>>> print(open('target.txt').read())   # compact mmCIF, C-alpha atoms
# COMPACT_ATOMS: atom_id res chain seq x y z
CA MET A 461 2.26 -107.12 -44.16
CA ALA A 462 1.52 -105.13 -47.25
CA VAL A 463 3.58 -104.05 -50.22
CA ARG A 464 1.90 -102.09 -52.99
CA VAL A 465 2.92 -100.28 -56.15
CA GLN A 466 0.13 -98.08 -57.44
CA ARG A 467 -0.75 -94.94 -59.36
CA GLU A 468 -3.35 -93.83 -56.82
CA ASP A 469 -2.72 -91.87 -53.66
CA PHE A 470 -2.86 -93.64 -50.29
CA ASP A 471 -4.44 -92.83 -46.92
CA LEU A 472 -1.72 -92.68 -44.27
CA GLY A 473 -4.21 -92.67 -41.41
CA ALA A 474 -6.00 -95.79 -42.64
CA GLU A 475 -2.75 -97.61 -43.40
CA THR A 476 -1.39 -96.82 -39.94
CA ALA A 477 -4.65 -97.76 -38.20
CA ALA A 478 -4.43 -101.17 -39.86
CA LEU A 479 -1.09 -101.72 -38.09
CA GLU A 480 -2.13 -100.49 -34.64
CA ALA A 481 -3.79 -103.66 -33.33
CA GLY A 482 -1.29 -105.46 -31.14
CA ALA A 483 1.38 -102.77 -31.51
CA GLY A 484 2.63 -100.23 -28.98
CA ALA A 485 4.33 -97.99 -31.53
CA VAL A 486 3.93 -97.22 -35.22
CA VAL A 487 6.47 -95.11 -37.09
CA THR A 488 5.66 -93.84 -40.57
CA PHE A 489 7.59 -92.04 -43.26
CA THR A 490 5.84 -90.16 -46.06
CA GLY A 491 7.76 -88.82 -49.04
CA ILE A 492 6.38 -85.79 -50.87
CA VAL A 493 7.28 -84.21 -54.21
CA ARG A 494 9.15 -81.01 -53.38
CA GLY A 495 8.48 -77.90 -55.41
CA GLY A 496 11.22 -75.37 -56.09
CA ASP A 497 12.32 -75.64 -59.72
CA VAL A 498 10.56 -78.97 -60.19
CA SER A 499 7.13 -78.68 -61.84
CA ALA A 500 6.40 -82.43 -61.96
CA MET A 501 8.03 -85.78 -61.30
CA THR A 502 7.48 -89.08 -63.09
CA LEU A 503 8.16 -92.35 -61.31
CA GLU A 504 9.05 -95.33 -63.48
CA HIS A 505 9.43 -98.85 -62.14
CA TYR A 506 10.14 -102.44 -63.19
CA PRO A 507 6.83 -104.29 -62.83
CA GLY A 508 7.29 -107.66 -61.22
CA MET A 509 10.79 -107.06 -59.94
CA THR A 510 9.65 -104.03 -57.92
CA GLU A 511 7.03 -105.93 -55.95
CA ALA A 512 9.48 -108.79 -55.32
CA ALA A 513 12.17 -106.35 -54.15
CA LEU A 514 9.76 -104.57 -51.78
CA ALA A 515 8.57 -107.88 -50.33
CA GLU A 516 12.21 -108.87 -49.79
CA ILE A 517 13.02 -105.57 -48.08
CA GLU A 518 10.04 -105.97 -45.79
CA ALA A 519 10.91 -109.59 -44.99
CA GLU A 520 14.47 -108.53 -44.19
CA ALA A 521 13.18 -105.87 -41.77
CA ARG A 522 11.07 -108.52 -40.03
CA THR A 523 14.08 -110.75 -39.46
CA ARG A 524 15.97 -107.84 -37.87
CA TRP A 525 13.30 -106.32 -35.59
CA PRO A 526 10.31 -107.76 -33.73
CA LEU A 527 7.66 -106.13 -35.90
CA SER A 528 3.94 -106.76 -35.55
CA GLY A 529 3.42 -105.28 -38.99
CA ALA A 530 4.96 -103.28 -41.81
CA THR A 531 3.70 -101.53 -44.92
CA ILE A 532 5.41 -100.17 -48.02
CA ILE A 533 3.40 -98.24 -50.61
CA HIS A 534 5.08 -96.58 -53.57
CA ARG A 535 3.32 -94.62 -56.26
CA VAL A 536 4.29 -94.59 -59.94
CA GLY A 537 3.38 -92.27 -62.79
CA ARG A 538 3.41 -88.49 -62.97
CA LEU A 539 3.13 -86.54 -59.69
CA LEU A 540 2.97 -82.83 -58.96
CA PRO A 541 4.73 -80.88 -56.18
CA GLY A 542 3.02 -81.50 -52.86
CA GLU A 543 1.74 -84.94 -53.88
CA ARG A 544 2.69 -87.97 -51.80
CA ILE A 545 5.24 -90.27 -53.48
CA MET A 546 5.45 -93.15 -51.04
CA MET A 547 5.11 -94.28 -47.45
CA VAL A 548 6.56 -96.90 -45.18
CA ALA A 549 5.23 -97.87 -41.77
CA ALA A 550 6.68 -100.16 -39.11
CA ALA A 551 4.74 -101.36 -36.06
CA SER A 552 6.24 -102.95 -32.96
CA ALA A 553 5.72 -103.27 -29.23
CA HIS A 554 8.78 -101.04 -28.79
CA ARG A 555 9.43 -97.56 -30.08
CA GLN A 556 13.11 -98.03 -30.89
CA ALA A 557 12.38 -101.09 -33.06
CA ALA A 558 9.66 -99.18 -34.92
CA PHE A 559 11.96 -96.20 -35.56
CA GLU A 560 14.91 -98.32 -36.68
CA ALA A 561 12.82 -100.56 -38.91
CA ALA A 562 11.20 -97.55 -40.61
CA GLU A 563 14.63 -96.04 -41.30
CA PHE A 564 15.86 -99.38 -42.61
CA LEU A 565 12.85 -99.72 -44.92
CA MET A 566 13.54 -96.24 -46.30
CA ASP A 567 17.26 -96.78 -46.82
CA TYR A 568 16.72 -100.10 -48.60
CA LEU A 569 13.80 -98.80 -50.61
CA LYS A 570 15.93 -95.94 -51.94
CA THR A 571 18.76 -98.17 -53.08
CA ARG A 572 17.38 -101.70 -53.65
CA ALA A 573 13.97 -101.23 -55.26
CA PRO A 574 13.79 -100.57 -59.01
CA PHE A 575 12.21 -97.12 -59.19
CA TRP A 576 13.54 -94.17 -61.17
CA LYS A 577 12.56 -90.53 -60.89
CA LYS A 578 12.45 -88.04 -63.74
CA GLU A 579 11.95 -84.39 -62.88
CA GLU A 580 10.43 -81.74 -65.12
CA THR A 581 11.90 -78.27 -64.67
CA GLY A 582 11.79 -74.98 -66.51
CA ALA A 583 15.12 -76.00 -68.10
CA GLY A 584 13.80 -79.36 -69.33
CA ALA A 585 13.44 -82.86 -67.93
CA ARG A 586 16.21 -84.74 -66.11
CA TRP A 587 16.61 -88.14 -64.50
CA VAL A 588 17.41 -87.87 -60.81
CA ASP A 589 20.91 -89.11 -60.03
CA ALA A 590 21.41 -91.72 -57.33
CA ARG A 591 23.06 -90.17 -54.31
CA GLU A 592 26.09 -91.66 -52.62
CA THR A 593 24.63 -90.59 -49.27
CA ASP A 594 21.66 -92.90 -49.91
CA GLU A 595 23.98 -95.79 -50.70
CA SER A 596 26.07 -95.21 -47.59
CA ALA A 597 22.91 -94.92 -45.48
CA ALA A 598 21.84 -98.34 -46.75
CA ARG A 599 25.28 -99.82 -46.15
CA ARG A 600 25.24 -98.96 -42.44
CA TRP A 601 22.65 -101.72 -41.90
CA ALA A 602 24.88 -104.30 -43.55
CA ALA A 603 27.60 -103.42 -41.04
CA LYS A 604 25.16 -103.94 -38.17
CA GLY A 605 23.38 -106.97 -39.63
CA MET B 500 3.53 -75.88 -35.34
CA ALA B 501 0.96 -77.46 -33.13
CA VAL B 502 0.99 -78.79 -29.61
CA ARG B 503 -2.22 -80.18 -28.15
CA VAL B 504 -3.32 -81.98 -24.98
CA GLN B 505 -6.78 -83.45 -25.38
CA ARG B 506 -9.16 -86.22 -24.32
CA GLU B 507 -10.31 -86.89 -27.89
CA ASP B 508 -8.65 -89.13 -30.43
CA PHE B 509 -6.72 -87.58 -33.32
CA ASP B 510 -6.54 -88.22 -37.06
CA LEU B 511 -2.97 -89.10 -38.01
CA GLY B 512 -3.68 -88.76 -41.72
CA ALA B 513 -5.13 -85.26 -41.37
CA GLU B 514 -2.38 -84.13 -38.99
CA THR B 515 0.29 -85.38 -41.37
CA ALA B 516 -1.38 -83.89 -44.43
CA ALA B 517 -1.29 -80.50 -42.69
CA LEU B 518 2.52 -80.78 -42.55
CA GLU B 519 3.08 -81.94 -46.12
CA ALA B 520 3.00 -78.58 -47.90
CA GLY B 521 6.58 -77.47 -48.47
CA ALA B 522 8.09 -80.64 -46.99
CA GLY B 523 9.86 -83.52 -48.68
CA ALA B 524 9.54 -85.93 -45.78
CA VAL B 525 7.21 -86.37 -42.83
CA VAL B 526 7.99 -88.87 -40.06
CA THR B 527 5.31 -89.74 -37.51
CA PHE B 528 5.24 -91.76 -34.33
CA THR B 529 1.98 -93.05 -32.88
CA GLY B 530 1.82 -94.60 -29.40
CA ILE B 531 -0.91 -97.15 -28.69
CA VAL B 532 -2.14 -98.69 -25.42
CA ARG B 533 -0.82 -102.25 -25.38
CA GLY B 534 -3.05 -105.05 -24.13
CA GLY B 535 -1.65 -108.05 -22.32
CA ASP B 536 -2.43 -107.81 -18.62
CA VAL B 537 -3.45 -104.15 -18.90
CA SER B 538 -7.20 -103.60 -19.19
CA ALA B 539 -7.08 -99.78 -19.23
CA MET B 540 -4.67 -96.89 -18.80
CA THR B 541 -5.31 -93.45 -17.34
CA LEU B 542 -3.17 -90.50 -18.35
CA GLU B 543 -2.85 -87.67 -15.87
CA HIS B 544 -1.11 -84.39 -16.64
CA TYR B 545 -0.26 -80.99 -15.19
CA PRO B 546 -2.48 -78.50 -17.03
CA GLY B 547 -0.57 -75.41 -18.03
CA MET B 548 2.88 -76.81 -17.44
CA THR B 549 2.27 -79.64 -19.92
CA GLU B 550 1.42 -77.34 -22.81
CA ALA B 551 4.42 -75.13 -21.99
CA ALA B 552 6.75 -78.14 -21.82
CA LEU B 553 5.51 -79.49 -25.16
CA ALA B 554 5.93 -76.11 -26.81
CA GLU B 555 9.47 -75.92 -25.43
CA ILE B 556 10.31 -79.42 -26.70
CA GLU B 557 9.01 -78.52 -30.13
CA ALA B 558 10.91 -75.23 -30.19
CA GLU B 559 14.07 -77.06 -29.18
CA ALA B 560 13.63 -79.52 -32.07
CA ARG B 561 13.26 -76.60 -34.47
CA THR B 562 16.56 -75.10 -33.35
CA ARG B 563 18.31 -78.43 -33.95
CA TRP B 564 16.87 -79.47 -37.33
CA PRO B 565 15.59 -77.53 -40.37
CA LEU B 566 11.93 -78.43 -39.88
CA SER B 567 9.11 -77.06 -41.99
CA GLY B 568 6.64 -78.20 -39.34
CA ALA B 569 6.13 -80.33 -36.25
CA THR B 570 3.15 -81.59 -34.28
CA ILE B 571 2.77 -83.08 -30.81
CA ILE B 572 -0.62 -84.39 -29.67
CA HIS B 573 -1.02 -86.19 -26.36
CA ARG B 574 -4.27 -87.58 -25.02
CA VAL B 575 -5.26 -87.59 -21.35
CA GLY B 576 -7.93 -89.50 -19.45
CA ARG B 577 -8.81 -93.19 -19.50
CA LEU B 578 -7.84 -95.21 -22.58
CA LEU B 579 -8.40 -98.84 -23.53
CA PRO B 580 -5.96 -101.27 -25.16
CA GLY B 581 -5.64 -100.52 -28.86
CA GLU B 582 -6.47 -96.84 -28.40
CA ARG B 583 -4.01 -94.20 -29.57
CA ILE B 584 -2.18 -92.39 -26.73
CA MET B 585 -0.20 -89.77 -28.57
CA MET B 586 1.54 -88.80 -31.78
CA VAL B 587 4.44 -86.69 -32.89
CA ALA B 588 5.22 -85.66 -36.45
CA ALA B 589 8.24 -83.89 -37.91
CA ALA B 590 8.39 -82.47 -41.43
CA SER B 591 11.52 -81.43 -43.29
CA ALA B 592 12.97 -81.21 -46.76
CA HIS B 593 15.30 -84.06 -45.78
CA ARG B 594 14.47 -87.52 -44.52
CA GLN B 595 17.27 -87.79 -41.98
CA ALA B 596 16.24 -84.53 -40.29
CA ALA B 597 12.62 -85.70 -40.13
CA PHE B 598 13.60 -89.05 -38.61
CA GLU B 599 15.98 -87.56 -36.05
CA ALA B 600 13.60 -84.80 -35.02
CA ALA B 601 10.75 -87.29 -34.51
CA GLU B 602 12.98 -89.45 -32.30
CA PHE B 603 14.08 -86.39 -30.38
CA LEU B 604 10.48 -85.26 -29.85
CA MET B 605 9.62 -88.74 -28.50
CA ASP B 606 12.62 -88.97 -26.19
CA TYR B 607 12.00 -85.54 -24.71
CA LEU B 608 8.26 -86.05 -24.50
CA LYS B 609 8.79 -89.21 -22.45
CA THR B 610 11.10 -87.57 -19.93
CA ARG B 611 10.41 -83.81 -19.94
CA ALA B 612 6.63 -83.44 -20.24
CA PRO B 613 4.47 -83.83 -17.11
CA PHE B 614 2.31 -86.86 -17.93
CA TRP B 615 1.83 -89.89 -15.70
CA LYS B 616 0.36 -93.25 -16.65
CA LYS B 617 -1.66 -95.49 -14.37
CA GLU B 618 -2.45 -99.00 -15.57
CA GLU B 619 -5.41 -101.12 -14.52
CA THR B 620 -4.67 -104.85 -14.40
CA GLY B 621 -6.39 -107.93 -13.03
CA ALA B 622 -4.16 -107.55 -9.95
CA GLY B 623 -5.16 -103.91 -9.36
CA ALA B 624 -4.00 -100.50 -10.55
CA ARG B 625 -0.37 -99.36 -10.65
CA TRP B 626 1.48 -96.23 -11.64
CA VAL B 627 3.93 -96.88 -14.46
CA ASP B 628 7.53 -96.45 -13.36
CA ALA B 629 9.84 -94.19 -15.31
CA ARG B 630 12.40 -96.23 -17.20
CA GLU B 631 16.10 -95.52 -17.07
CA THR B 632 16.29 -96.44 -20.78
CA ASP B 633 13.97 -93.51 -21.56
CA GLU B 634 16.15 -91.14 -19.55
CA SER B 635 19.33 -92.34 -21.25
CA ALA B 636 17.64 -92.07 -24.67
CA ALA B 637 16.85 -88.43 -23.89
CA ARG B 638 20.37 -87.76 -22.64
CA ARG B 639 21.97 -88.82 -25.92
CA TRP B 640 20.66 -85.61 -27.51
CA ALA B 641 22.28 -83.47 -24.83
CA ALA B 642 25.61 -85.08 -25.67
CA LYS B 643 25.10 -84.23 -29.36
CA GLY B 644 23.54 -80.81 -28.79
CA MET C 381 15.91 -113.93 -74.19
CA LYS C 382 13.91 -110.83 -73.33
CA VAL C 383 15.97 -107.66 -72.78
CA LEU C 384 14.42 -104.69 -70.95
CA TYR C 385 15.57 -101.08 -70.64
CA PHE C 386 14.48 -98.54 -68.03
CA ALA C 387 14.80 -94.80 -67.45
CA TRP C 388 17.45 -93.09 -69.58
CA LEU C 389 18.65 -96.38 -71.05
CA ARG C 390 15.16 -96.88 -72.45
CA GLU C 391 15.12 -93.32 -73.78
CA ARG C 392 18.53 -93.58 -75.44
CA ILE C 393 17.83 -96.95 -77.05
CA GLY C 394 14.29 -96.02 -77.98
CA GLU C 395 12.85 -99.37 -76.90
CA SER C 396 11.58 -100.65 -73.57
CA ALA C 397 11.89 -104.34 -74.46
CA GLU C 398 13.17 -106.55 -77.24
CA GLU C 399 14.03 -110.16 -77.99
CA VAL C 400 17.73 -110.93 -78.31
CA SER C 401 19.16 -114.32 -79.17
CA ALA C 402 21.42 -115.57 -76.41
CA GLU C 403 23.47 -117.62 -78.83
CA GLY C 404 27.18 -117.14 -78.28
CA LEU C 405 26.61 -114.88 -75.24
CA GLU C 406 27.97 -116.32 -71.99
CA THR C 407 27.76 -113.37 -69.62
CA VAL C 408 26.02 -110.05 -69.20
CA ALA C 409 29.23 -108.37 -70.39
CA ASP C 410 29.01 -110.38 -73.64
CA LEU C 411 25.43 -109.20 -74.09
CA VAL C 412 26.43 -105.57 -73.56
CA ALA C 413 29.26 -105.85 -76.11
CA HIS C 414 26.80 -107.46 -78.56
CA LEU C 415 24.29 -104.63 -78.04
CA ARG C 416 26.88 -101.83 -78.33
CA ALA C 417 27.88 -103.21 -81.72
CA ARG C 418 24.35 -102.54 -82.96
CA GLY C 419 24.92 -98.84 -83.40
CA PRO C 420 24.99 -95.36 -81.88
CA ARG C 421 21.77 -95.60 -79.82
CA TYR C 422 23.12 -98.59 -77.95
CA GLU C 423 26.60 -97.04 -77.78
CA ALA C 424 25.05 -93.99 -76.12
CA ALA C 425 23.11 -96.10 -73.63
CA PHE C 426 26.15 -98.09 -72.53
CA GLU C 427 28.84 -95.41 -72.90
CA ALA C 428 29.36 -95.24 -69.12
CA PRO C 429 29.06 -98.88 -68.03
CA GLU C 430 29.71 -98.04 -64.38
CA ALA C 431 26.42 -96.09 -64.41
CA VAL C 432 24.42 -99.08 -65.65
CA ARG C 433 22.95 -101.78 -63.41
CA VAL C 434 21.70 -105.16 -64.57
CA ALA C 435 19.12 -107.65 -63.31
CA VAL C 436 18.97 -111.21 -64.58
CA ASP C 437 15.54 -112.74 -64.09
CA GLN C 438 14.69 -109.81 -61.80
CA LYS C 439 17.68 -110.20 -59.46
CA VAL C 440 20.44 -107.59 -59.43
CA ARG C 441 23.64 -109.16 -60.75
CA ASP C 442 27.19 -108.21 -61.73
CA TRP C 443 28.31 -107.88 -65.33
CA ASP C 444 30.11 -111.20 -65.18
CA ALA C 445 26.88 -113.02 -64.32
CA PRO C 446 26.19 -115.98 -66.65
CA LEU C 447 23.24 -115.77 -69.02
CA LYS C 448 22.70 -119.54 -69.23
CA GLY C 449 19.01 -120.27 -68.67
CA ALA C 450 18.16 -116.56 -68.29
CA GLY C 451 14.74 -115.54 -69.58
CA GLU C 452 14.87 -111.82 -68.85
CA VAL C 453 17.76 -109.37 -68.61
CA ALA C 454 17.11 -105.75 -67.61
CA PHE C 455 19.41 -102.73 -67.80
CA PHE C 456 18.79 -99.58 -65.78
CA PRO C 457 20.50 -96.72 -63.91
CA PRO C 458 21.05 -96.83 -60.13
CA MET C 459 17.70 -96.82 -58.38
CA THR C 460 16.22 -93.56 -57.15
CA GLY C 461 12.95 -94.46 -55.48
CA GLY C 462 11.69 -93.35 -52.11
CA MET D 967 1.61 -70.35 -2.17
CA LYS D 968 -0.31 -73.01 -4.07
CA VAL D 969 1.02 -76.57 -3.70
CA LEU D 970 -0.01 -79.24 -6.22
CA TYR D 971 0.35 -83.03 -6.13
CA PHE D 972 0.17 -85.42 -9.06
CA ALA D 973 -0.08 -89.18 -9.63
CA TRP D 974 0.75 -91.30 -6.56
CA LEU D 975 1.73 -88.23 -4.49
CA ARG D 976 -1.79 -86.92 -4.98
CA GLU D 977 -3.23 -90.31 -4.05
CA ARG D 978 -1.14 -90.69 -0.90
CA ILE D 979 -1.80 -87.16 0.32
CA GLY D 980 -5.44 -87.25 -0.66
CA GLU D 981 -5.41 -83.75 -2.12
CA SER D 982 -4.57 -82.42 -5.57
CA ALA D 983 -3.95 -78.84 -4.45
CA GLU D 984 -3.77 -76.79 -1.27
CA GLU D 985 -2.64 -73.40 -0.01
CA VAL D 986 0.50 -73.43 2.14
CA SER D 987 2.01 -70.38 3.77
CA ALA D 988 5.55 -69.81 2.56
CA GLU D 989 6.51 -68.08 5.80
CA GLY D 990 9.80 -69.39 7.14
CA LEU D 991 10.35 -71.65 4.08
CA GLU D 992 13.39 -70.72 2.03
CA THR D 993 13.74 -73.69 -0.29
CA VAL D 994 11.78 -76.58 -1.69
CA ALA D 995 13.54 -78.84 0.83
CA ASP D 996 12.17 -76.64 3.64
CA LEU D 997 8.67 -76.99 2.21
CA VAL D 998 9.01 -80.77 2.04
CA ALA D 999 10.19 -80.95 5.68
CA HIS D 1000 7.27 -78.73 6.65
CA LEU D 1001 4.79 -80.98 4.81
CA ARG D 1002 6.23 -84.24 6.19
CA ALA D 1003 5.72 -82.92 9.70
CA ARG D 1004 2.00 -82.77 9.02
CA GLY D 1005 1.47 -86.47 9.45
CA PRO D 1006 1.53 -89.96 7.97
CA ARG D 1007 -0.11 -89.15 4.61
CA TYR D 1008 2.59 -86.62 3.81
CA GLU D 1009 5.27 -88.89 5.28
CA ALA D 1010 4.13 -91.63 2.93
CA ALA D 1011 4.16 -89.29 -0.07
CA PHE D 1012 7.69 -88.07 0.59
CA GLU D 1013 9.20 -91.23 2.09
CA ALA D 1014 11.48 -91.72 -0.92
CA PRO D 1015 12.54 -88.17 -1.83
CA GLU D 1016 14.71 -89.36 -4.73
CA ALA D 1017 11.50 -90.56 -6.42
CA VAL D 1018 9.84 -87.14 -6.18
CA ARG D 1019 10.29 -84.33 -8.70
CA VAL D 1020 9.38 -80.70 -8.13
CA ALA D 1021 8.36 -77.81 -10.35
CA VAL D 1022 8.38 -74.22 -9.13
CA ASP D 1023 6.06 -72.02 -11.17
CA GLN D 1024 5.83 -74.83 -13.72
CA LYS D 1025 9.58 -75.21 -14.25
CA VAL D 1026 11.37 -78.35 -13.05
CA ARG D 1027 13.77 -77.42 -10.26
CA ASP D 1028 16.06 -79.05 -7.70
CA TRP D 1029 15.14 -79.39 -4.04
CA ASP D 1030 17.46 -76.57 -3.08
CA ALA D 1031 15.56 -74.15 -5.33
CA PRO D 1032 14.47 -70.98 -3.50
CA LEU D 1033 10.77 -70.41 -2.91
CA LYS D 1034 11.01 -66.63 -2.79
CA GLY D 1035 8.32 -65.17 -5.05
CA ALA D 1036 7.01 -68.62 -6.02
CA GLY D 1037 3.27 -68.79 -6.66
CA GLU D 1038 2.93 -72.50 -7.43
CA VAL D 1039 4.96 -75.52 -6.35
CA ALA D 1040 4.14 -78.97 -7.72
CA PHE D 1041 5.33 -82.40 -6.59
CA PHE D 1042 5.14 -85.46 -8.83
CA PRO D 1043 6.89 -88.71 -9.75
CA PRO D 1044 9.24 -88.93 -12.75
CA MET D 1045 7.29 -88.34 -15.93
CA THR D 1046 5.96 -91.29 -17.92
CA GLY D 1047 4.21 -89.83 -20.95
CA GLY D 1048 4.57 -90.86 -24.56
>>> encode(input="target.txt", output="structure tokens")
Amino acid sequence: MAVRVQREDFDLGAETAALEAGAGAVVTFTGIVRGGDVSAMTLEHYPGMTEAALAEIEAEARTRWPLSGATIIHRVGRLLPGERIMMVAAASAHRQAAFEAAEFLMDYLKTRAPFWKKEETGAGARWVDARETDESAARRWAAKG
Amino acid sequence: MAVRVQREDFDLGAETAALEAGAGAVVTFTGIVRGGDVSAMTLEHYPGMTEAALAEIEAEARTRWPLSGATIIHRVGRLLPGERIMMVAAASAHRQAAFEAAEFLMDYLKTRAPFWKKEETGAGARWVDARETDESAARRWAAKG
Amino acid sequence: MKVLYFAWLRERIGESAEEVSAEGLETVADLVAHLRARGPRYEAAFEAPEAVRVAVDQKVRDWDAPLKGAGEVAFFPPMTGG
Amino acid sequence: MKVLYFAWLRERIGESAEEVSAEGLETVADLVAHLRARGPRYEAAFEAPEAVRVAVDQKVRDWDAPLKGAGEVAFFPPMTGG
């Protein structure tokens, strides 16, 4: 079990390897800053609350699926296109549990953890709006839970 | 786009990093030899047909989702508990496409690519039986397709 | 009581944290009304209350949440991590 | 025509590949009947035909698939990769 908020990059291979012992399946998600009209992105968070929220999200996933391990790492600070923003990983004996738990971690992370993104573009800087599709993706788990 | 059948291990971090350029999301699945009563597992395949089947599975995924990249690596030969068996990765601008494509790659890989697993246990060696749940998981995509 | 602001609320108010006396404030809504009365920067931050979320002692709460015993209240837009 | 066997079919037959004349064999089912007539090792391999899959020139086919022009026929159990 690991939950980290950090400025530094992470090593997906090493993080996944740490979950492999005793698992049959590990699913990971890596989020990357997209380019296009965005020249940089700054991630702000709420120190203290963020770590608690991530730990709660991870604990919730462990009550729903038989996980042998899970990891959430989210970067903060200013990131350039192509840089990794965050990762989640879920390890289980069974592939379906690993896939579902990873999706759950992502959906809850996007809507329940206090991070905010600000994008820099040629036309100035703008805060990213929350998307209703993210909220409805997160709500589907409540219906199943 | 990469499809490989090999004896050697692979580096999930490096394989994923190769897909990150131009993507917003990369989802990976890693399969690991489980321990328990299994002391080793041997993967047999059909050289030539395997590579063609994997390429076809990957091409099919690319017609179904807007992927910026995808990778399938499957090991063959004798593997010990804790060793990595295979990985798939799907990269897209959108997280849902990356998740769905990775699940699709796994479901098709399990039922459409000519690999066979033989397990060594204290009670002798046995060929792993195909599971109806794998076949029905693969069929769900046909229904949607 | 410590009051924190994040993202565009922080930018509009021009502060990331300040001390506010909880005297006479029963709920989060009372606190917001009290802050809005301070002037245009606060008015601008809270002009669309439905776009503002609140956490009391680091737990997300509704605007009718009581402030009694609260040590830290934070205002921020909907979360956009991941 | 090259005939290949994988996994427990290979083990039961004791060969991974052999040349078989396609003369008089119209379909995969004909080839299987021809092979079974060779003796107990082949009988054992094909005793449960519903558990055996076939590929003709590296494409999965049904047992009524024609063999005309086929260069390579492979028999194997349901796939268990991943």
>>> closest_atom_pairs(input="target.txt", of="chain B", to="chain D", cutoff="8 Å", atoms="only C-alpha atoms", output="JSON lines")
{"residue": "B:Gly530", "atom": "CA", "partner": "D:Gly1048", "partner_atom": "CA", "distance": 6.7}
{"residue": "B:Leu542", "atom": "CA", "partner": "D:Gly1047", "partner_atom": "CA", "distance": 7.9}
{"residue": "B:Glu543", "atom": "CA", "partner": "D:Ala973", "partner_atom": "CA", "distance": 7.0}
{"residue": "B:His544", "atom": "CA", "partner": "D:Phe972", "partner_atom": "CA", "distance": 7.8}
{"residue": "B:Tyr545", "atom": "CA", "partner": "D:Phe972", "partner_atom": "CA", "distance": 7.6}
{"residue": "B:Gly547", "atom": "CA", "partner": "D:Gln1024", "partner_atom": "CA", "distance": 7.7}
{"residue": "B:Met548", "atom": "CA", "partner": "D:Gln1024", "partner_atom": "CA", "distance": 5.1}
{"residue": "B:His573", "atom": "CA", "partner": "D:Gly1048", "partner_atom": "CA", "distance": 7.5}
{"residue": "B:Ile584", "atom": "CA", "partner": "D:Gly1048", "partner_atom": "CA", "distance": 7.3}
{"residue": "B:Met585", "atom": "CA", "partner": "D:Gly1048", "partner_atom": "CA", "distance": 6.3}
{"residue": "B:Met605", "atom": "CA", "partner": "D:Gly1048", "partner_atom": "CA", "distance": 6.7}
{"residue": "B:Leu608", "atom": "CA", "partner": "D:Gly1048", "partner_atom": "CA", "distance": 6.1}
{"residue": "B:Lys609", "atom": "CA", "partner": "D:Gly1047", "partner_atom": "CA", "distance": 4.9}
{"residue": "B:Thr610", "atom": "CA", "partner": "D:Met1045", "partner_atom": "CA", "distance": 5.6}
{"residue": "B:Arg611", "atom": "CA", "partner": "D:Met1045", "partner_atom": "CA", "distance": 6.8}
{"residue": "B:Ala612", "atom": "CA", "partner": "D:Met1045", "partner_atom": "CA", "distance": 6.6}
{"residue": "B:Pro613", "atom": "CA", "partner": "D:Met1045", "partner_atom": "CA", "distance": 5.4}
{"residue": "B:Phe614", "atom": "CA", "partner": "D:Gly1047", "partner_atom": "CA", "distance": 4.6}
{"residue": "B:Trp615", "atom": "CA", "partner": "D:Thr1046", "partner_atom": "CA", "distance": 4.9}
{"residue": "B:Lys616", "atom": "CA", "partner": "D:Thr1046", "partner_atom": "CA", "distance": 6.1}
{"residue": "B:Trp626", "atom": "CA", "partner": "D:Trp974", "partner_atom": "CA", "distance": 7.1}
{"residue": "B:Val627", "atom": "CA", "partner": "D:Thr1046", "partner_atom": "CA", "distance": 6.9}
{"residue": "B:Asp628", "atom": "CA", "partner": "D:Thr1046", "partner_atom": "CA", "distance": 7.1}
{"residue": "B:Ala629", "atom": "CA", "partner": "D:Thr1046", "partner_atom": "CA", "distance": 5.5}
>>> residues_near_point(input="target.txt", point="(7.5, -89.1, 1.8)", cutoff="10 Å", atoms="all atoms listed in the file", output="number ranges by chain")
D: 975, 978-979, 998-999, 1001-1002, 1006-1018
>>> atom_distance(input="target.txt", atom1="atom CA of A:Thr510", atom2="atom CA of A:Val465")
7.9 Å
>>> interface_residues(input="target.txt", of="chain B", to="chain A", cutoff="9 Å", atoms="all atoms listed in the file", output="PyMOL selection string")
chain B and resi 510-513+515-516+519-534+580-583+592+594-595+597-598+602+605
>>> axis_aligned_box(input="target.txt", around="stretch 502-509 of chain A", padding_each_side="5 Å", output="JSON")
{"center_x": 8.8, "center_y": -98.4, "center_z": -61.7, "size_x": 14.0, "size_y": 28.6, "size_z": 13.5}
>>> atom_distance(input="target.txt", atom1="atom CA of B:Tyr607", atom2="atom CA of A:Ala521")
26.6 Å
